[in-house]
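K.L.:
Sharing a structure below in structure tokens format, with a few things to ask.
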Amino acid sequence: MPHTFDLLVIGDANPDIVLGPLDAPLAFGQREQLVDTGLLTLGGSAAIMACGAARLGLEVAFAGRVGNDEAGRFIRTALDARGVNTDALRVDPVLPTPLTVVVTRGDGDRTILTSPGTLSATGPDDVPEALLTSSRHVHAASYFLLPKLAGALPELLATARAHGATTSLDTNDDPSGTWAPGRIDATLAVTDFLLPNAREALALAAAAAPDATGSPATAITLEAAAGALAARGPRVVVKNGADGALVHDGRTLLRTPGIPARPRDTVGAGDSFDAGFIAAFLRGLPTAEALAFAAACGALSTRAHGGTTAQPTWDEAGTALARDGKNL
């Protein structure tokens with residue numbers, strides 16, 4: 001069966017309210033604090049990744065759930081405007097659209113506050129089988145925010161693979177701090193690429209390998225964490241900010257340095273990295289080149305506030321690599 005879409009992205013979509021930078025602690029007691037910038041923009045790891053991939057020239061479809069409210073209509077309009085197909089974006093008649101507030105600091109760190117809304121109800125029924133069977137690649141995001149969908153991912157990704165697709169997963173953060181030891185293994189077994197950041201990779205590996213007391217292991221290097229995760233099935237592509245990225249396939253470790261950047265806002269940079277890596281992979285680039293291209297996409301996305309505003313085109317990312325002495 002011919003593929004209709006290059007990429008199907010399943011997961012979270014919500015408005016992001018990005019405020020910052022805040023260089024003092026958050027103050028309660030009804031105090032008001034002023035910051036330089038504030039932005040209402042498209043958020044959600046899955047949504048930002050979908051937009052980044054569309055910007056890079058892929059035919060992208062999105063499957064997920066929003067509320068029957070202004071925030072949900074904002075999401076659909078924003079995805080449509082960026083060339084993402086939203087035919088499978090379901091409207092929940094009861095639950096509200098998720099909402100996230102991101103407060104940034106001058107050092108690049110941030111705190112994220114999310115009201116889950118429809119995330120708790122998003123599940124396998126929100127992912128049409130016709131999209132799973134007609135997409136070249138299927139990407140899932142925000143594993144720990146979508147419990148019903150997470151439980152169904154092994155079957156969903158296996159269906160996609162059975163129809164010739166490759167698959168990827170970006171778990172993002174786990175608000176519970178438990179990192180689902182044991183539960184995520186079935187998903188990793190049908191995942192071609194796991195795309196955590198460095199902190200997430202360390203946490204996932206530590207949760208899967210408790211020490212003699214039964215507590216999560218702590219003394220583990222990033223390289224060892226990537227290797228341990230790769231042993232569970234996927235190739236592991238780890239984002240490490242200004243230090244670049246690495247990929248481990250269970251045998252070989254490859255690295256790429258970071259692309260020089262003066263970031264204005266790092267929100268969504270990891271999702272733009274994901275989009276770059278998958279776009280490069282689908283175009284047939286070797287792994288080392290795909291890793292460098294992804295790093296460029298992540299770095300360029302930080303040029304403006306919000307996760308999607310500065311996402312690069314294919315040519316823009318290629319030009320950045322050429323300036324850095326790399327050629328595609």
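Labeling convention for the structure tokens: chains A, B, ... as they appear, residues from 1 per chain, ligands from 1 in order of appearance.
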So that each row is one residue of stretch 67-147 of chain A with an atom at most 10 Å from stretch 176-198 of chain A, can you give its shortest atom pair and the distance in Å to one decimal, using only C-alpha atoms, rows by chain and rising number, as CSV?
P.N.:
residue,atom,partner,partner_atom,distance
A:His137,CA,A:Asp192,CA,9.8
A:Val138,CA,A:Thr191,CA,9.5
A:His139,CA,A:Phe193,CA,9.1
A:Ala140,CA,A:Thr191,CA,9.7
A:Ala141,CA,A:Leu195,CA,9.4
A:Tyr143,CA,A:Ile184,CA,9.0
A:Phe144,CA,A:Trp179,CA,7.9
A:Leu145,CA,A:Ser176,CA,9.8
K.L.:
Apply DSSP to the structure's backbone, then extract all residues of stretch 17-137 of chain A labelled helix (DSSP H, G or I) and return them as a ChimeraX atom specification.
P.N.:
/A:45-55,70-81,117-120,124-126,129-132
K.L.:
When you look at A:Gly117 with a cut-off of 10 Å (counting only C-alpha atoms), what residues show up, excluding the ones that are within fewer than 4 positions of it in the same chain? I need them as a PyMOL selection string.
P.N.:
chain A and resi 14+65-67+92+94-99+121-122
K.L.:
Write the selection just made, keeping C-alpha atoms, as a PDB file, in the first residue's frame?
P.N.:
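Full text of part-v4.pdb as output:
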ATOM      1  CA  ASN A  14      -1.654  22.737  23.649  1.00  0.00           C
ATOM      2  CA  ARG A  65      -7.298  15.356  21.146  1.00  0.00           C
ATOM      3  CA  VAL A  66      -8.233  18.904  22.144  1.00  0.00           C
ATOM      4  CA  GLY A  67     -11.210  20.438  23.906  1.00  0.00           C
ATOM      5  CA  ASP A  92     -13.481  16.188  23.242  1.00  0.00           C
ATOM      6  CA  VAL A  94     -16.259  17.608  27.923  1.00  0.00           C
ATOM      7  CA  LEU A  95     -12.587  17.992  28.803  1.00  0.00           C
ATOM      8  CA  PRO A  96     -10.702  21.234  28.111  1.00  0.00           C
ATOM      9  CA  THR A  97      -7.652  21.649  25.908  1.00  0.00           C
ATOM     10  CA  PRO A  98      -4.386  21.258  27.868  1.00  0.00           C
ATOM     11  CA  LEU A  99      -2.612  24.467  28.771  1.00  0.00           C
ATOM     12  CA  ALA A 121      -8.398  10.879  27.825  1.00  0.00           C
ATOM     13  CA  THR A 122      -6.250  10.707  24.686  1.00  0.00           C
TER      14      THR A 122
END
K.L.:
Using Å and a single decimal, report how far atom CA of A:Gly64 sits from atom CA of A:Val236.
P.N.:
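Distance between the two atoms: 25.0 Å.
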K.L.:
Within 12 Å of stretch 314-320 of chain A, counting only C-alpha atoms, which residues qualify if same-chain residues fewer than 3 places away don't, as an NGL selection string?
P.N.:
:A and (52-58 or 258-261 or 272-273 or 275-277 or 279-280 or 283 or 289-290 or 292-301 or 310-311 or 323-328)
K.L.:
Determine, counting only C-alpha atoms, which protein, DNA and RNA residues have an atom within 8 Å of an atom of A:Leu19; residues of the same chain fewer than 2 positions away are not included. Present the result as a tab-separated table (two decimals) with N, CA, C and O atoms, in the first residue's frame.
P.N.:
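out.tsv written:
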chain	number	residue	atom	x	y	z
A	17	ILE	N	2.05	29.37	27.00
A	17	ILE	CA	2.27	30.76	27.39
A	17	ILE	C	3.69	30.82	27.93
A	17	ILE	O	4.00	30.24	28.98
A	21	PRO	N	12.81	36.28	30.50
A	21	PRO	CA	13.42	35.47	31.56
A	21	PRO	C	13.17	36.03	32.95
A	21	PRO	O	13.12	37.23	33.15
A	22	LEU	N	13.00	35.11	33.89
A	22	LEU	CA	12.82	35.47	35.30
A	22	LEU	C	14.11	35.12	36.03
A	22	LEU	O	14.47	33.95	36.12
A	35	VAL	N	8.62	40.51	33.57
A	35	VAL	CA	9.62	39.86	32.71
A	35	VAL	C	9.63	40.60	31.37
A	35	VAL	O	8.72	41.35	31.05
A	36	ASP	N	10.67	40.35	30.59
A	36	ASP	CA	10.84	41.10	29.34
A	36	ASP	C	9.88	40.66	28.24
A	36	ASP	O	9.45	41.48	27.43
A	37	THR	N	9.57	39.35	28.19
A	37	THR	CA	8.78	38.87	27.07
A	37	THR	C	7.66	37.95	27.54
A	37	THR	O	7.77	37.26	28.56
A	38	GLY	N	6.60	37.94	26.75
A	38	GLY	CA	5.49	37.02	26.96
A	38	GLY	C	4.93	36.64	25.60
A	38	GLY	O	4.83	37.48	24.70
A	39	LEU	N	4.59	35.37	25.43
A	39	LEU	CA	4.18	34.88	24.12
A	39	LEU	C	3.13	33.79	24.27
A	39	LEU	O	3.30	32.87	25.07
A	101	VAL	N	2.13	26.72	30.92
A	101	VAL	CA	2.83	27.98	31.17
A	101	VAL	C	4.31	27.64	31.37
A	101	VAL	O	4.66	26.80	32.20
A	102	VAL	N	5.16	28.27	30.57
A	102	VAL	CA	6.60	28.06	30.65
A	102	VAL	C	7.25	29.35	31.15
A	102	VAL	O	7.09	30.41	30.54
A	103	VAL	N	7.96	29.25	32.27
A	103	VAL	CA	8.68	30.40	32.81
A	103	VAL	C	10.17	30.14	32.61
A	103	VAL	O	10.71	29.16	33.14
A	104	THR	N	10.81	30.99	31.82
A	104	THR	CA	12.23	30.79	31.50
A	104	THR	C	13.11	31.63	32.41
A	104	THR	O	12.67	32.62	33.01
K.L.:
Quick check for you: according to DSSP on this backbone, which residues of stretch 13-197 of chain A are classed as strand (DSSP E)? Reply as number ranges by chain.
P.N.:
A: 14-20, 37-43, 60-67, 84-92, 99-104, 110-115, 135-141, 166-170, 193-194
K.L.:
Take the selection from the previous step and output its residues with C-alpha atoms, as a PDB file, in the first residue's frame.
P.N.:
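Wrote selection.pdb, looks like this:
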ATOM      1  CA  ASN A  14      -1.654  22.737  23.649  1.00  0.00           C
ATOM      2  CA  PRO A  15      -1.175  26.476  23.799  1.00  0.00           C
ATOM      3  CA  ASP A  16       2.084  27.515  25.457  1.00  0.00           C
ATOM      4  CA  ILE A  17       2.265  30.760  27.392  1.00  0.00           C
ATOM      5  CA  VAL A  18       6.001  31.483  27.512  1.00  0.00           C
ATOM      6  CA  LEU A  19       7.171  34.142  30.004  1.00  0.00           C
ATOM      7  CA  GLY A  20      10.673  35.250  30.872  1.00  0.00           C
ATOM      8  CA  THR A  37       8.778  38.866  27.068  1.00  0.00           C
ATOM      9  CA  GLY A  38       5.486  37.020  26.958  1.00  0.00           C
ATOM     10  CA  LEU A  39       4.176  34.883  24.116  1.00  0.00           C
ATOM     11  CA  LEU A  40       1.094  32.798  23.369  1.00  0.00           C
ATOM     12  CA  THR A  41       2.170  30.107  20.923  1.00  0.00           C
ATOM     13  CA  LEU A  42       1.664  26.535  19.832  1.00  0.00           C
ATOM     14  CA  GLY A  43       3.025  24.028  22.347  1.00  0.00           C
ATOM     15  CA  VAL A  60       2.784  15.438   8.084  1.00  0.00           C
ATOM     16  CA  ALA A  61      -0.437  14.314   9.774  1.00  0.00           C
ATOM     17  CA  PHE A  62      -1.273  14.821  13.455  1.00  0.00           C
ATOM     18  CA  ALA A  63      -3.477  12.648  15.683  1.00  0.00           C
ATOM     19  CA  GLY A  64      -4.530  13.718  19.153  1.00  0.00           C
ATOM     20  CA  ARG A  65      -7.298  15.356  21.146  1.00  0.00           C
ATOM     21  CA  VAL A  66      -8.233  18.904  22.144  1.00  0.00           C
ATOM     22  CA  GLY A  67     -11.210  20.438  23.906  1.00  0.00           C
ATOM     23  CA  VAL A  84       0.122  19.880   9.242  1.00  0.00           C
ATOM     24  CA  ASN A  85      -2.939  17.772   8.378  1.00  0.00           C
ATOM     25  CA  THR A  86      -5.420  17.905  11.300  1.00  0.00           C
ATOM     26  CA  ASP A  87      -8.164  15.611  10.015  1.00  0.00           C
ATOM     27  CA  ALA A  88      -7.426  13.256  12.943  1.00  0.00           C
ATOM     28  CA  LEU A  89      -7.373  15.981  15.622  1.00  0.00           C
ATOM     29  CA  ARG A  90     -10.375  14.918  17.712  1.00  0.00           C
ATOM     30  CA  VAL A  91     -12.521  17.336  19.755  1.00  0.00           C
ATOM     31  CA  ASP A  92     -13.481  16.188  23.242  1.00  0.00           C
ATOM     32  CA  LEU A  99      -2.612  24.467  28.771  1.00  0.00           C
ATOM     33  CA  THR A 100       1.064  25.013  29.612  1.00  0.00           C
ATOM     34  CA  VAL A 101       2.831  27.976  31.173  1.00  0.00           C
ATOM     35  CA  VAL A 102       6.605  28.057  30.646  1.00  0.00           C
ATOM     36  CA  VAL A 103       8.681  30.400  32.809  1.00  0.00           C
ATOM     37  CA  THR A 104      12.230  30.786  31.501  1.00  0.00           C
ATOM     38  CA  ARG A 110      12.831  26.814  32.672  1.00  0.00           C
ATOM     39  CA  THR A 111       9.939  25.560  34.758  1.00  0.00           C
ATOM     40  CA  ILE A 112       6.854  24.100  33.090  1.00  0.00           C
ATOM     41  CA  LEU A 113       3.351  24.098  34.561  1.00  0.00           C
ATOM     42  CA  THR A 114       0.744  22.050  32.688  1.00  0.00           C
ATOM     43  CA  SER A 115      -2.982  21.569  33.173  1.00  0.00           C
ATOM     44  CA  SER A 135       2.558   6.798   6.869  1.00  0.00           C
ATOM     45  CA  ARG A 136       6.264   6.207   6.232  1.00  0.00           C
ATOM     46  CA  HIS A 137       7.147   7.016   9.838  1.00  0.00           C
ATOM     47  CA  VAL A 138       5.179   7.278  13.097  1.00  0.00           C
ATOM     48  CA  HIS A 139       6.426   9.441  15.980  1.00  0.00           C
ATOM     49  CA  ALA A 140       4.956   9.497  19.500  1.00  0.00           C
ATOM     50  CA  ALA A 141       5.710  12.117  22.142  1.00  0.00           C
ATOM     51  CA  THR A 166       9.624   3.165  10.960  1.00  0.00           C
ATOM     52  CA  THR A 167       8.881   4.514  14.440  1.00  0.00           C
ATOM     53  CA  SER A 168      10.233   6.892  17.060  1.00  0.00           C
ATOM     54  CA  LEU A 169       9.482   7.999  20.603  1.00  0.00           C
ATOM     55  CA  ASP A 170      10.361  11.076  22.645  1.00  0.00           C
ATOM     56  CA  PHE A 193      14.547   5.615  17.459  1.00  0.00           C
ATOM     57  CA  LEU A 194      14.348   6.746  21.077  1.00  0.00           C
TER      58      LEU A 194
END
K.L.:
Counting only C-alpha atoms, which residue out of A:Asp265, A:Glu223, A:Asp6, A:Asp271 sits closest to A:Leu253?
P.N.:
A:Glu223
K.L.:
A:Thr159, A:Ser120, A:Ser134, A:Thr252: which is nearest A:Pro147, counting only C-alpha atoms?
P.N.:
A:Ser120
K.L.:
What gap, in Å, lies between atom CA of A:Thr118 and atom CA of A:Phe28?
P.N.:
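Atom-to-atom, atom CA of A:Thr118 and atom CA of A:Phe28 are spaced 28.3 Å apart.
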K.L.:
Pick out the residues sitting within 8 Å of A:Pro124, and hand them over as a CSV table (one decimal) with C-alpha atoms, in the first residue's frame; count only C-alpha atoms, and ignore anything fewer than 2 positions along from it in its own chain.
P.N.:
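Output below, filename out.csv:
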chain,number,residue,atom,x,y,z
A,122,THR,CA,-6.2,10.7,24.7
A,126,ASP,CA,-7.8,8.9,18.6
A,127,VAL,CA,-5.3,7.3,16.2
A,148,LYS,CA,-4.0,5.7,27.9
A,149,LEU,CA,-2.1,6.3,24.7
A,152,ALA,CA,-1.6,1.3,23.6
A,153,LEU,CA,1.7,2.3,21.9
A,156,LEU,CA,-0.1,1.1,17.5
K.L.:
In Å, how far is it from atom CA of A:Ala47 to atom CA of A:Gly11?
P.N.:
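According to the coordinates, atom CA of A:Ala47 and atom CA of A:Gly11 are separated by 7.6 Å.
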